[in-house]
Structures are given as structure tokens and as C-alpha cells.
$ cat my_file34.cif   # mmCIF, C-alpha atoms (C1' of nucleotides)
data_input
#
loop_
_atom_site.group_PDB
_atom_site.id
_atom_site.type_symbol
_atom_site.label_atom_id
_atom_site.label_comp_id
_atom_site.auth_asym_id
_atom_site.auth_seq_id
_atom_site.Cartn_x
_atom_site.Cartn_y
_atom_site.Cartn_z
ATOM 1 C CA MET A 1123 153.605 74.695 31.132
ATOM 2 C CA LYS A 1124 154.536 78.223 31.947
ATOM 3 C CA LYS A 1125 155.224 79.451 35.431
ATOM 4 C CA THR A 1126 155.283 82.958 36.748
ATOM 5 C CA SER A 1127 158.657 84.184 37.883
ATOM 6 C CA THR A 1128 157.851 83.812 41.570
ATOM 7 C CA GLU A 1129 156.703 80.214 41.192
ATOM 8 C CA ILE A 1130 159.952 79.028 39.720
ATOM 9 C CA SER A 1131 162.079 78.799 42.800
ATOM 10 C CA ILE A 1132 160.203 79.750 45.951
ATOM 11 C CA ALA A 1133 159.146 76.716 47.949
ATOM 12 C CA SER A 1134 155.565 76.786 49.197
ATOM 13 C CA GLY A 1135 155.009 78.920 52.248
ATOM 14 C CA HIS A 1136 158.286 80.752 51.909
ATOM 15 C CA ARG A 1137 158.748 84.480 51.426
ATOM 16 C CA SER A 1138 161.620 84.323 48.990
ATOM 17 C CA ALA A 1139 164.146 81.997 47.438
ATOM 18 C CA CYS A 1140 166.767 83.017 49.994
ATOM 19 C CA PRO A 1141 167.898 80.117 52.198
ATOM 20 C CA VAL A 1142 168.204 82.324 55.264
ATOM 21 C CA ALA A 1143 164.671 83.660 54.818
ATOM 22 C CA SER A 1144 163.399 80.123 54.246
ATOM 23 C CA VAL A 1145 164.898 78.893 57.500
ATOM 24 C CA LEU A 1146 163.395 81.869 59.302
ATOM 25 C CA ASP A 1147 160.005 80.988 57.841
ATOM 26 C CA ILE A 1148 160.235 77.762 59.854
ATOM 27 C CA VAL A 1149 162.061 78.736 63.041
ATOM 28 C CA GLY A 1150 161.978 82.536 62.950
ATOM 29 C CA ASP A 1151 160.415 83.292 66.318
ATOM 30 C CA LYS A 1152 161.225 83.387 70.008
ATOM 31 C CA TRP A 1153 160.258 79.821 70.854
ATOM 32 C CA THR A 1154 160.706 77.249 68.106
ATOM 33 C CA LEU A 1155 164.453 76.832 68.483
ATOM 34 C CA ILE A 1156 164.047 76.531 72.252
ATOM 35 C CA VAL A 1157 162.052 73.349 71.619
ATOM 36 C CA VAL A 1158 164.667 72.096 69.169
ATOM 37 C CA ARG A 1159 167.395 72.806 71.718
ATOM 38 C CA ASP A 1160 165.479 70.831 74.352
ATOM 39 C CA LEU A 1161 165.217 67.885 71.977
ATOM 40 C CA PHE A 1162 168.984 68.007 71.547
ATOM 41 C CA LEU A 1163 169.269 67.990 75.314
ATOM 42 C CA GLY A 1164 167.359 64.730 75.461
ATOM 43 C CA LYS A 1165 163.906 65.998 76.385
ATOM 44 C CA HIS A 1166 160.955 64.283 74.762
ATOM 45 C CA ARG A 1167 157.749 65.050 76.639
ATOM 46 C CA PHE A 1168 155.441 68.043 76.844
ATOM 47 C CA GLY A 1169 156.075 68.455 80.536
ATOM 48 C CA GLU A 1170 159.831 68.404 80.068
ATOM 49 C CA PHE A 1171 159.741 71.202 77.512
ATOM 50 C CA GLN A 1172 157.437 73.160 79.761
ATOM 51 C CA ALA A 1173 159.824 72.766 82.696
ATOM 52 C CA SER A 1174 162.693 74.466 80.855
ATOM 53 C CA PRO A 1175 163.952 77.683 82.453
ATOM 54 C CA GLU A 1176 162.404 79.861 79.741
ATOM 55 C CA ALA A 1177 158.913 78.791 80.928
ATOM 56 C CA MET A 1178 157.205 78.642 77.564
ATOM 57 C CA PRO A 1179 153.403 79.118 77.648
ATOM 58 C CA THR A 1180 151.642 75.803 77.105
ATOM 59 C CA ASN A 1181 149.472 76.922 74.215
ATOM 60 C CA ILE A 1182 152.516 78.138 72.323
ATOM 61 C CA LEU A 1183 154.379 74.942 73.087
ATOM 62 C CA ALA A 1184 151.490 72.880 71.731
ATOM 63 C CA GLY A 1185 151.403 75.024 68.592
ATOM 64 C CA ARG A 1186 155.137 74.812 68.000
ATOM 65 C CA LEU A 1187 155.175 71.043 68.367
ATOM 66 C CA LYS A 1188 152.484 70.867 65.668
ATOM 67 C CA ARG A 1189 154.376 73.204 63.357
ATOM 68 C CA LEU A 1190 157.647 71.369 63.830
ATOM 69 C CA GLU A 1191 155.940 68.085 63.065
ATOM 70 C CA ALA A 1192 154.264 69.571 59.982
ATOM 71 C CA ALA A 1193 157.633 70.902 58.832
ATOM 72 C CA GLY A 1194 159.146 67.432 59.225
ATOM 73 C CA LEU A 1195 161.677 68.396 61.869
ATOM 74 C CA ILE A 1196 160.208 66.219 64.602
ATOM 75 C CA LYS A 1197 158.146 63.070 64.896
ATOM 76 C CA LYS A 1198 155.369 62.415 67.406
ATOM 77 C CA GLU A 1199 155.105 58.928 68.872
ATOM 78 C CA PHE A 1200 152.290 57.828 71.150
ATOM 79 C CA TYR A 1201 153.373 55.634 74.014
ATOM 80 C CA GLN A 1202 149.851 55.190 75.378
ATOM 81 C CA ASP A 1203 146.384 55.528 73.891
ATOM 82 C CA ASN A 1204 144.008 56.535 76.603
ATOM 83 C CA PRO A 1205 144.527 59.227 77.594
ATOM 84 C CA PRO A 1206 146.733 59.926 74.576
ATOM 85 C CA ARG A 1207 150.324 60.533 75.621
ATOM 86 C CA ALA A 1208 153.118 61.226 73.205
ATOM 87 C CA GLU A 1209 156.857 61.681 73.002
ATOM 88 C CA TYR A 1210 158.608 63.810 70.432
ATOM 89 C CA PHE A 1211 161.828 63.003 68.600
ATOM 90 C CA LEU A 1212 164.012 64.821 66.116
ATOM 91 C CA THR A 1213 164.025 63.506 62.580
ATOM 92 C CA SER A 1214 167.333 63.496 60.738
ATOM 93 C CA GLN A 1215 166.163 66.724 59.128
ATOM 94 C CA GLY A 1216 165.639 68.225 62.567
ATOM 95 C CA ALA A 1217 168.905 66.863 63.890
ATOM 96 C CA ALA A 1218 170.632 68.685 61.027
ATOM 97 C CA PHE A 1219 169.893 71.898 62.924
ATOM 98 C CA GLY A 1220 172.779 70.978 65.207
ATOM 99 C CA PRO A 1221 175.342 73.170 63.436
ATOM 100 C CA ILE A 1222 172.988 76.165 63.609
ATOM 101 C CA LEU A 1223 172.523 75.754 67.362
ATOM 102 C CA ASN A 1224 176.229 75.286 67.806
ATOM 103 C CA ALA A 1225 177.033 78.437 65.858
ATOM 104 C CA MET A 1226 174.612 80.316 68.106
ATOM 105 C CA ARG A 1227 176.188 78.869 71.203
ATOM 106 C CA GLU A 1228 179.626 79.932 70.066
ATOM 107 C CA TRP A 1229 178.503 83.452 69.277
ATOM 108 C CA ALA A 1230 176.786 83.783 72.647
ATOM 109 C CA GLU A 1231 179.774 82.482 74.564
ATOM 110 C CA GLN A 1232 181.943 85.080 72.913
ATOM 111 C CA TYR A 1233 179.670 88.112 73.116
ATOM 112 C CA ILE A 1234 177.153 87.634 75.912
ATOM 113 C CA PRO A 1235 178.676 87.659 79.381
ATOM 114 C CA GLY A 1236 177.371 85.095 81.812
ATOM 115 C CA VAL A 1237 175.803 82.499 79.562
ATOM 116 C CA ALA A 1238 176.053 78.975 80.830
ATOM 117 C CA LEU A 1239 178.515 77.305 78.538
ATOM 118 C CA LEU A 1240 176.859 74.035 77.793
ATOM 119 C CA GLU A 1241 179.487 71.590 76.746
ATOM 120 C CA ASN A 1242 179.209 69.833 73.428
ATOM 121 C CA ILE A 1243 175.625 68.818 72.973
ATOM 122 C CA PRO A 1244 175.093 65.040 73.102
ATOM 123 C CA SER A 1245 174.042 63.556 69.777
ATOM 124 C CA PRO A 1246 170.259 63.278 69.891
ATOM 125 C CA GLU A 1247 168.056 60.246 69.457
ATOM 126 C CA ILE A 1248 166.663 60.282 65.935
ATOM 127 C CA ARG A 1249 163.413 58.790 64.603
ATOM 128 C CA ASP A 1250 162.605 59.027 60.918
ATOM 129 C CA MET B 1424 176.964 90.901 98.609
ATOM 130 C CA LYS B 1425 174.551 88.114 98.005
ATOM 131 C CA LYS B 1426 172.670 87.678 94.760
ATOM 132 C CA THR B 1427 169.542 85.735 94.096
ATOM 133 C CA SER B 1428 170.025 82.674 91.962
ATOM 134 C CA THR B 1429 168.592 84.298 88.845
ATOM 135 C CA GLU B 1430 170.843 87.332 89.088
ATOM 136 C CA ILE B 1431 174.025 85.325 89.055
ATOM 137 C CA SER B 1432 174.311 84.405 85.436
ATOM 138 C CA ILE B 1433 171.485 85.771 83.306
ATOM 139 C CA ALA B 1434 172.555 88.802 81.305
ATOM 140 C CA SER B 1435 170.139 91.725 81.374
ATOM 141 C CA GLY B 1436 167.149 91.357 79.122
ATOM 142 C CA HIS B 1437 167.638 87.642 78.632
ATOM 143 C CA ARG B 1438 165.203 84.923 79.561
ATOM 144 C CA SER B 1439 167.697 82.389 80.802
ATOM 145 C CA ALA B 1440 171.397 81.631 80.969
ATOM 146 C CA CYS B 1441 171.151 79.429 77.890
ATOM 147 C CA PRO B 1442 173.240 80.706 74.971
ATOM 148 C CA VAL B 1443 170.659 79.642 72.408
ATOM 149 C CA ALA B 1444 167.886 81.458 74.269
ATOM 150 C CA SER B 1445 170.085 84.525 74.619
ATOM 151 C CA VAL B 1446 170.747 84.676 70.898
ATOM 152 C CA LEU B 1447 167.030 84.303 70.242
ATOM 153 C CA ASP B 1448 166.369 87.202 72.601
ATOM 154 C CA ILE B 1449 168.279 89.365 70.114
ATOM 155 C CA VAL B 1450 167.435 87.894 66.716
ATOM 156 C CA GLY B 1451 164.500 85.597 67.471
ATOM 157 C CA ASP B 1452 161.935 86.896 65.024
ATOM 158 C CA LYS B 1453 161.040 86.832 61.348
ATOM 159 C CA TRP B 1454 162.960 89.928 60.294
ATOM 160 C CA THR B 1455 166.116 90.709 62.245
ATOM 161 C CA LEU B 1456 168.340 88.159 60.536
ATOM 162 C CA ILE B 1457 167.070 89.290 57.140
ATOM 163 C CA VAL B 1458 168.635 92.687 57.870
ATOM 164 C CA VAL B 1459 171.860 91.039 59.025
ATOM 165 C CA ARG B 1460 171.923 88.935 55.867
ATOM 166 C CA ASP B 1461 171.505 92.061 53.739
ATOM 167 C CA LEU B 1462 174.424 93.683 55.525
ATOM 168 C CA PHE B 1463 176.515 90.635 54.656
ATOM 169 C CA LEU B 1464 175.401 91.061 51.066
ATOM 170 C CA GLY B 1465 176.819 94.574 51.021
ATOM 171 C CA LYS B 1466 173.658 96.588 51.567
ATOM 172 C CA HIS B 1467 173.928 99.639 53.810
ATOM 173 C CA ARG B 1468 170.945 101.956 53.317
ATOM 174 C CA PHE B 1469 167.328 101.907 54.421
ATOM 175 C CA GLY B 1470 166.090 101.805 50.867
ATOM 176 C CA GLU B 1471 168.332 98.883 49.995
ATOM 177 C CA PHE B 1472 166.999 96.781 52.866
ATOM 178 C CA GLN B 1473 163.488 97.726 51.906
ATOM 179 C CA ALA B 1474 164.066 96.647 48.312
ATOM 180 C CA SER B 1475 164.964 93.066 49.317
ATOM 181 C CA PRO B 1476 162.643 90.387 47.950
ATOM 182 C CA GLU B 1477 161.067 89.769 51.360
ATOM 183 C CA ALA B 1478 159.591 93.310 51.287
ATOM 184 C CA MET B 1479 159.931 94.142 54.952
ATOM 185 C CA PRO B 1480 157.461 96.758 56.245
ATOM 186 C CA THR B 1481 159.237 100.078 56.795
ATOM 187 C CA ASN B 1482 158.188 100.564 60.416
ATOM 188 C CA ILE B 1483 159.537 97.139 61.316
ATOM 189 C CA LEU B 1484 162.737 97.827 59.421
ATOM 190 C CA ALA B 1485 163.230 101.089 61.331
ATOM 191 C CA GLY B 1486 162.610 99.301 64.630
ATOM 192 C CA ARG B 1487 165.003 96.458 63.835
ATOM 193 C CA LEU B 1488 167.781 98.834 62.863
ATOM 194 C CA LYS B 1489 167.392 100.533 66.226
ATOM 195 C CA ARG B 1490 167.421 97.253 68.117
ATOM 196 C CA LEU B 1491 170.437 95.950 66.245
ATOM 197 C CA GLU B 1492 172.289 99.171 66.978
ATOM 198 C CA ALA B 1493 171.306 99.018 70.650
ATOM 199 C CA ALA B 1494 172.513 95.416 70.793
ATOM 200 C CA GLY B 1495 175.858 96.456 69.320
ATOM 201 C CA LEU B 1496 175.575 94.367 66.160
ATOM 202 C CA ILE B 1497 175.504 97.307 63.766
ATOM 203 C CA LYS B 1498 176.705 100.877 63.664
ATOM 204 C CA LYS B 1499 174.848 103.828 62.184
ATOM 205 C CA GLU B 1500 176.884 106.442 60.327
ATOM 206 C CA PHE B 1501 175.417 109.663 59.014
ATOM 207 C CA TYR B 1502 176.735 110.669 55.640
ATOM 208 C CA GLN B 1503 174.705 113.894 55.494
ATOM 209 C CA ASP B 1504 173.060 116.084 58.104
ATOM 210 C CA ASN B 1505 170.077 117.763 56.567
ATOM 211 C CA PRO B 1506 167.944 115.884 55.916
ATOM 212 C CA PRO B 1507 169.631 113.214 58.066
ATOM 213 C CA ARG B 1508 170.744 110.271 55.981
ATOM 214 C CA ALA B 1509 172.541 107.286 57.386
ATOM 215 C CA GLU B 1510 174.295 104.104 56.380
ATOM 216 C CA TYR B 1511 174.496 101.004 58.521
ATOM 217 C CA PHE B 1512 177.482 98.713 58.967
ATOM 218 C CA LEU B 1513 178.120 95.490 60.831
ATOM 219 C CA THR B 1514 180.356 95.698 63.861
ATOM 220 C CA SER B 1515 182.782 92.851 64.423
ATOM 221 C CA GLN B 1516 180.232 91.488 66.870
ATOM 222 C CA GLY B 1517 177.614 91.559 64.126
ATOM 223 C CA ALA B 1518 179.983 90.112 61.563
ATOM 224 C CA ALA B 1519 180.495 87.173 63.927
ATOM 225 C CA PHE B 1520 176.967 86.076 62.970
ATOM 226 C CA GLY B 1521 178.464 84.816 59.714
ATOM 227 C CA PRO B 1522 178.765 81.188 60.857
ATOM 228 C CA ILE B 1523 175.147 81.187 61.999
ATOM 229 C CA LEU B 1524 173.913 82.433 58.623
ATOM 230 C CA ASN B 1525 176.138 79.952 56.860
ATOM 231 C CA ALA B 1526 174.816 77.067 58.927
ATOM 232 C CA MET B 1527 171.289 78.152 58.008
ATOM 233 C CA ARG B 1528 172.195 78.351 54.340
ATOM 234 C CA GLU B 1529 173.639 74.866 54.408
ATOM 235 C CA TRP B 1530 170.573 73.428 56.121
ATOM 236 C CA ALA B 1531 168.249 75.117 53.644
ATOM 237 C CA GLU B 1532 170.214 73.947 50.635
ATOM 238 C CA GLN B 1533 169.964 70.391 51.870
ATOM 239 C CA TYR B 1534 166.328 70.306 52.960
ATOM 240 C CA ILE B 1535 164.375 73.015 51.155
ATOM 241 C CA PRO B 1536 164.008 72.423 47.443
ATOM 242 C CA GLY B 1537 164.438 75.429 45.202
ATOM 243 C CA VAL B 1538 166.349 77.839 47.381
ATOM 244 C CA ALA B 1539 168.764 80.039 45.516
ATOM 245 C CA LEU B 1540 172.152 78.776 46.502
ATOM 246 C CA LEU B 1541 174.021 81.935 47.209
ATOM 247 C CA GLU B 1542 177.690 81.237 46.889
ATOM 248 C CA ASN B 1543 180.014 81.983 49.744
ATOM 249 C CA ILE B 1544 178.995 85.276 51.210
ATOM 250 C CA PRO B 1545 181.560 88.040 50.618
ATOM 251 C CA SER B 1546 183.284 89.207 53.786
ATOM 252 C CA PRO B 1547 181.389 92.285 54.945
ATOM 253 C CA GLU B 1548 182.673 95.791 55.574
ATOM 254 C CA ILE B 1549 183.104 96.241 59.314
ATOM 255 C CA ARG B 1550 182.946 99.430 61.398
ATOM 256 C CA ASP B 1551 183.613 99.261 65.099
ATOM 257 C "C1'" DC C 848 158.690 125.412 40.035
ATOM 258 C "C1'" DG C 849 156.579 121.139 40.227
ATOM 259 C "C1'" DA C 850 157.564 116.116 40.457
ATOM 260 C "C1'" DG C 851 160.299 112.782 42.421
ATOM 261 C "C1'" DT C 852 163.235 110.559 45.974
ATOM 262 C "C1'" DA C 853 165.295 108.845 50.449
ATOM 263 C "C1'" DG C 854 164.440 107.830 54.884
ATOM 264 C "C1'" DC C 855 161.716 107.606 58.013
ATOM 265 C "C1'" DT C 856 157.134 108.215 61.385
ATOM 266 C "C1'" DT C 857 152.288 107.601 62.426
ATOM 267 C "C1'" DG C 858 147.714 105.351 62.643
ATOM 268 C "C1'" DC C 859 145.150 101.556 62.728
ATOM 269 C "C1'" DA C 860 143.672 96.614 61.689
ATOM 270 C "C1'" DA C 861 145.104 91.883 62.102
ATOM 271 C "C1'" DA C 862 147.747 88.297 64.015
ATOM 272 C "C1'" DA C 863 150.747 86.316 67.488
ATOM 273 C "C1'" DT C 864 151.881 85.998 72.274
ATOM 274 C "C1'" DG C 865 151.153 85.397 77.197
ATOM 275 C "C1'" DC C 866 148.606 84.242 81.236
ATOM 276 C "C1'" DA C 867 145.244 81.732 83.727
ATOM 277 C "C1'" DA C 868 141.925 78.461 84.064
ATOM 278 C "C1'" DG C 869 139.619 74.280 82.535
ATOM 279 C "C1'" DT C 870 139.426 69.378 80.867
ATOM 280 C "C1'" DC C 871 140.116 64.430 80.631
ATOM 281 C "C1'" DA C 872 141.488 59.993 81.800
ATOM 282 C "C1'" DC C 873 144.085 58.045 84.426
ATOM 283 C "C1'" DT C 874 147.186 56.795 89.236
ATOM 284 C "C1'" DC C 875 148.139 56.895 93.928
ATOM 285 C "C1'" DG C 876 147.407 57.407 98.989
ATOM 286 C "C1'" DT C 877 144.431 56.383 102.722
ATOM 287 C "C1'" DA D 1212 136.430 53.448 97.027
ATOM 288 C "C1'" DC D 1213 137.032 58.170 97.093
ATOM 289 C "C1'" DG D 1214 139.270 62.341 96.694
ATOM 290 C "C1'" DA D 1215 143.719 64.546 95.503
ATOM 291 C "C1'" DG D 1216 147.163 64.795 92.223
ATOM 292 C "C1'" DT D 1217 149.394 64.424 87.588
ATOM 293 C "C1'" DG D 1218 150.420 64.805 82.532
ATOM 294 C "C1'" DA D 1219 149.194 66.680 78.426
ATOM 295 C "C1'" DC D 1220 146.836 69.533 76.482
ATOM 296 C "C1'" DT D 1221 142.745 73.165 75.016
ATOM 297 C "C1'" DT D 1222 140.222 77.397 75.563
ATOM 298 C "C1'" DG D 1223 139.307 82.310 76.539
ATOM 299 C "C1'" DC D 1224 140.791 86.685 76.722
ATOM 300 C "C1'" DA D 1225 144.142 90.722 77.434
ATOM 301 C "C1'" DT D 1226 148.404 92.503 75.719
ATOM 302 C "C1'" DT D 1227 151.921 92.974 72.381
ATOM 303 C "C1'" DT D 1228 153.798 92.610 67.858
ATOM 304 C "C1'" DT D 1229 153.169 92.712 62.997
ATOM 305 C "C1'" DG D 1230 151.589 94.451 58.639
ATOM 306 C "C1'" DC D 1231 149.772 97.758 55.509
ATOM 307 C "C1'" DA D 1232 149.060 102.312 53.946
ATOM 308 C "C1'" DA D 1233 149.652 106.934 54.156
ATOM 309 C "C1'" DG D 1234 152.129 111.079 55.487
ATOM 310 C "C1'" DC D 1235 156.114 114.025 56.161
ATOM 311 C "C1'" DT D 1236 160.494 116.547 55.358
ATOM 312 C "C1'" DA D 1237 164.271 118.462 53.147
ATOM 313 C "C1'" DC D 1238 166.362 117.911 49.579
ATOM 314 C "C1'" DT D 1239 167.515 117.046 43.896
ATOM 315 C "C1'" DC D 1240 166.500 117.036 39.182
ATOM 316 C "C1'" DG D 1241 164.226 118.568 34.741
#
$ encode --input "my_file34.cif" --output "C-alpha cells"
Amino acid sequence: MKKTSTEISIASGHRSACPVASVLDIVGDKWTLIVVRDLFLGKHRFGEFQASPEAMPTNILAGRLKRLEAAGLIKKEFYQDNPPRAEYFLTSQGAAFGPILNAMREWAEQYIPGVALLENIPSPEIRD
Amino acid sequence: MKKTSTEISIASGHRSACPVASVLDIVGDKWTLIVVRDLFLGKHRFGEFQASPEAMPTNILAGRLKRLEAAGLIKKEFYQDNPPRAEYFLTSQGAAFGPILNAMREWAEQYIPGVALLENIPSPEIRD
DNA sequence: CGAGTAGCTTGCAAAATGCAAGTCACTCGT
DNA sequence: ACGAGTGACTTGCATTTTGCAAGCTACTCG
């Protein structure tokens, strides 16, 4: 079984074998990490994400929730069938983004004047 | 001097007062952090960034270098006048992204199979 | 003296984003 | 019981960003 050089180490859907590039392939856009942040802040429902100060467009929010679920970072749980209503939770894989968000928070507090210094983020509810 | 509520704490060009959102306003896309990573890896010239395995389009690379310079994360230094040729260096503000990149690397190594585990990134050359 | 190179810029197609409106099955007030 | 309101989306379309390819300029090298 021979593999071409690019097949050896690049996970499917990723641009290169670099870990930084691979993370960006998942969350490298303006909105995805906003959703992850909201989950850390204890938000679980579509309307709660939508109500965040960044005012994310609803179609993009819907798309990001699907991508995050497909990537295994969050889990969707229906709490009612008709009409279908769901809540979203971080998986342990998603919760492991905590250090990344924290590093961003620390950078921003040091270099961007006027950011609201959120205190230490509460540990999120996890569903695997 | 009264200010409206949104003027009080949101730095110019940022969507909200949230530190995470503010960082994403600067580096929230597929490519910007790839350039920052390359700077950490000791690359300094246009052609070196372009030669990275992710194969960034040249127009996007040129745009990102301008944005990073405008944001104060990198500094452009001409090493020859005609034709103009420049090298790019991290500022201390840019170098402070190190912990963010490291947190991403650690996440990727744990959850994405097959990423190349770059060892500890060498401390970059800084120009302020 | 022609080919090659570094570092961009430009043009245009394709994809992602953003805004507004629409839908669907409820619930709540009167 | 009847219409208004709500939550969670989906759809349509304009605008913006991305991606690819080609071009350009002032060198350098054989």
C-alpha cells in the first residue's frame, strides 16, 4: 500500500500538516470562535447566540452550528420534537479550546484598550 | 462630555468590547495567522511566506501583510530601494501571539491525527 | 543580451458573508 | 377561539472576500 507524500500526514479537509493551519481550517473565520465563546459563557440556544453583542446573521449562525457539530466540537440535543427545538453543548474536544480563548483574552487585555475584561471563564457544561 | 453606550468601551474597528471578538477582528480569517506562524518560524520575505505548504495566493498575502502592519503586529523594513524589497518582522505586540499559537498547536496535537508536531517554536526576532 | 527572479499588482470568476423577509408549529392574552 | 407573538431556523439576493492566473518592473546571472 503506497501513499503519495501528501496523503501521509494531512488529515482530511486540511490544507497542510501544520497544527496551526489545521485549527484554522476549523475555526479560521470571523464567527466560529464567537459561538464557542458563547458556549463557554453558558449559552446553549440559537436565540441566545443571536442575542450576543456581535449580532451574528442567523444564516451564518445556523451554518456554524452545523460545522461545529460536524467537526465534533459541539453536540446538538433536542429538548422538544414538534416544532424541533435544540440546545447545543460543548464536547470535551470543544471544551479543550479553553486555553486558546484564554490566550486571546490575555493578548487583547494587554494590547487593545477598552476591552471588557471578562473574569476567568466558568467551566462549561460538557456533553460527549 | 457624554458618550453613547457603544462609544464607551469598544475600540475603533471592533465589533464589541469582547476580547475574543476583538482578536478575531484582527486575525479572524483563514490566512492571517499562517503569516504570523511563518514569522515565528523565522521567515521574513514575501517569497518565503508564499513558499509555505498552504500556498497562499499572492494578492491575499500582500493584503495581509498590509493589515498586520497597520495593526502594529509586524514591521516592514526595506533592505534595498530600487526595486523596493522588504523584510517583515514581528513587533513585540505580534510576538505576544506566541501563547495563542502554542495553545492551537497543543489542541491540534491532541485532537487532529497526523499533524506534524513542530517542537517548541524558536523565539522570533523582534523589531519595534 | 536574453532568461530568470523577487516582490508585488491587476483582472476576473467563485465562494462566503450580510441583510431582510418568510416559514412553521406552537403559546399566550383577551 | 382567534389573532399576535415567539423561537428557531431557511431562503433569496446584494455585497464583499477569496482564489487563480497573468502581468509588471528593475534588477542579476550566464
$ closest_atom_pairs --input "my_file34.cif" --of "chain D" --to "chain A" --cutoff "12 Å" --atoms "all atoms listed in the file" --output "tab-separated table"
residue	atom	partner	partner_atom	distance
D:DT1217	C1'	A:Gly1169	CA	10.5
D:DG1218	C1'	A:Gly1169	CA	7.0
D:DA1219	C1'	A:Phe1168	CA	6.6
D:DC1220	C1'	A:Ala1184	CA	7.4
D:DT1221	C1'	A:Asn1181	CA	7.7
D:DT1222	C1'	A:Asn1181	CA	9.4
D:DG1223	C1'	A:Asn1181	CA	11.7
D:DT1228	C1'	A:Asp1151	CA	11.5
$ resolve_selection --input "my_file34.cif" --expression "the PyMOL selection byres ((chain C and resi 852-860) around 12)" --output "ChimeraX atom specification"
/B:1468-1473,1480-1486,1488,1501,1503,1505-1510 /C:850-851,861-862 /D:1229-1240
$ closest_atom_pairs --input "my_file34.cif" --of "chain A" --to "chain B" --cutoff "10 Å" --atoms "only C-alpha atoms" --output "Markdown table"
| residue | atom | partner | partner_atom | distance |
| --- | --- | --- | --- | --- |
| A:Glu1129 | CA | B:Gly1537 | CA | 9.9 |
| A:Ile1130 | CA | B:Gly1537 | CA | 7.9 |
| A:Ser1131 | CA | B:Gly1537 | CA | 4.8 |
| A:Ile1132 | CA | B:Gly1537 | CA | 6.1 |
| A:Ala1133 | CA | B:Gly1537 | CA | 6.1 |
| A:Ser1134 | CA | B:Pro1536 | CA | 9.7 |
| A:His1136 | CA | B:Glu1477 | CA | 9.5 |
| A:Arg1137 | CA | B:Glu1477 | CA | 5.8 |
| A:Ser1138 | CA | B:Glu1477 | CA | 6.0 |
| A:Ala1139 | CA | B:Val1538 | CA | 4.7 |
| A:Cys1140 | CA | B:Ala1539 | CA | 5.7 |
| A:Pro1141 | CA | B:Arg1528 | CA | 5.1 |
| A:Val1142 | CA | B:Arg1528 | CA | 5.7 |
| A:Ala1143 | CA | B:Ile1457 | CA | 6.5 |
| A:Ser1144 | CA | B:Ala1531 | CA | 7.0 |
| A:Val1145 | CA | B:Ala1531 | CA | 6.4 |
| A:Leu1146 | CA | B:Lys1453 | CA | 5.9 |
| A:Asp1147 | CA | B:Lys1453 | CA | 6.9 |
| A:Ile1148 | CA | B:Lys1453 | CA | 9.2 |
| A:Val1149 | CA | B:Lys1453 | CA | 8.3 |
| A:Gly1150 | CA | B:Lys1453 | CA | 4.7 |
| A:Asp1151 | CA | B:Asp1452 | CA | 4.1 |
| A:Lys1152 | CA | B:Gly1451 | CA | 4.7 |
| A:Trp1153 | CA | B:Gly1451 | CA | 7.9 |
| A:Thr1154 | CA | B:Gly1451 | CA | 9.2 |
| A:Leu1155 | CA | B:Val1443 | CA | 7.9 |
| A:Ile1156 | CA | B:Ala1444 | CA | 6.6 |
| A:Arg1159 | CA | B:Val1443 | CA | 7.6 |
| A:Ser1174 | CA | B:Ser1439 | CA | 9.4 |
| A:Pro1175 | CA | B:Ser1439 | CA | 6.2 |
| A:Glu1176 | CA | B:Arg1438 | CA | 5.8 |
| A:Ala1177 | CA | B:Arg1438 | CA | 8.9 |
| A:Gly1194 | CA | B:Tyr1534 | CA | 10.0 |
| A:Gln1215 | CA | B:Tyr1534 | CA | 7.1 |
| A:Gly1216 | CA | B:Trp1530 | CA | 9.6 |
| A:Ala1218 | CA | B:Trp1530 | CA | 6.8 |
| A:Phe1219 | CA | B:Trp1530 | CA | 7.0 |
| A:Gly1220 | CA | B:Ala1526 | CA | 9.0 |
| A:Pro1221 | CA | B:Ala1526 | CA | 6.0 |
| A:Ile1222 | CA | B:Ala1526 | CA | 5.1 |
| A:Leu1223 | CA | B:Val1443 | CA | 6.6 |
| A:Asn1224 | CA | B:Ile1523 | CA | 8.3 |
| A:Ala1225 | CA | B:Ile1523 | CA | 5.1 |
| A:Met1226 | CA | B:Val1443 | CA | 5.9 |
| A:Arg1227 | CA | B:Pro1442 | CA | 5.1 |
| A:Glu1228 | CA | B:Pro1442 | CA | 8.1 |
| A:Trp1229 | CA | B:Ala1519 | CA | 6.8 |
| A:Ala1230 | CA | B:Pro1442 | CA | 5.2 |
| A:Glu1231 | CA | B:Pro1442 | CA | 6.8 |
| A:Gln1232 | CA | B:Gln1516 | CA | 9.0 |
| A:Tyr1233 | CA | B:Gln1516 | CA | 7.1 |
| A:Ile1234 | CA | B:Ala1434 | CA | 7.2 |
| A:Pro1235 | CA | B:Ala1434 | CA | 6.5 |
| A:Gly1236 | CA | B:Ser1432 | CA | 4.8 |
| A:Val1237 | CA | B:Ala1440 | CA | 4.7 |
| A:Ala1238 | CA | B:Ala1440 | CA | 5.4 |
| A:Leu1239 | CA | B:Pro1442 | CA | 7.2 |
| A:Leu1240 | CA | B:Cys1441 | CA | 7.9 |
$ atom_distance --input "my_file34.cif" --atom1 "atom CA of A:Leu1195" --atom2 "atom CA of A:Ser1214"
7.6 Å
$ interface_residues --input "my_file34.cif" --of "chain C" --to "chain A" --cutoff "10 Å" --atoms "only C-alpha atoms (C1' of nucleotides)" --output "list in words"
DA863, DT864, DG865, DC866, DC871, DA872 and DC873 of chain C
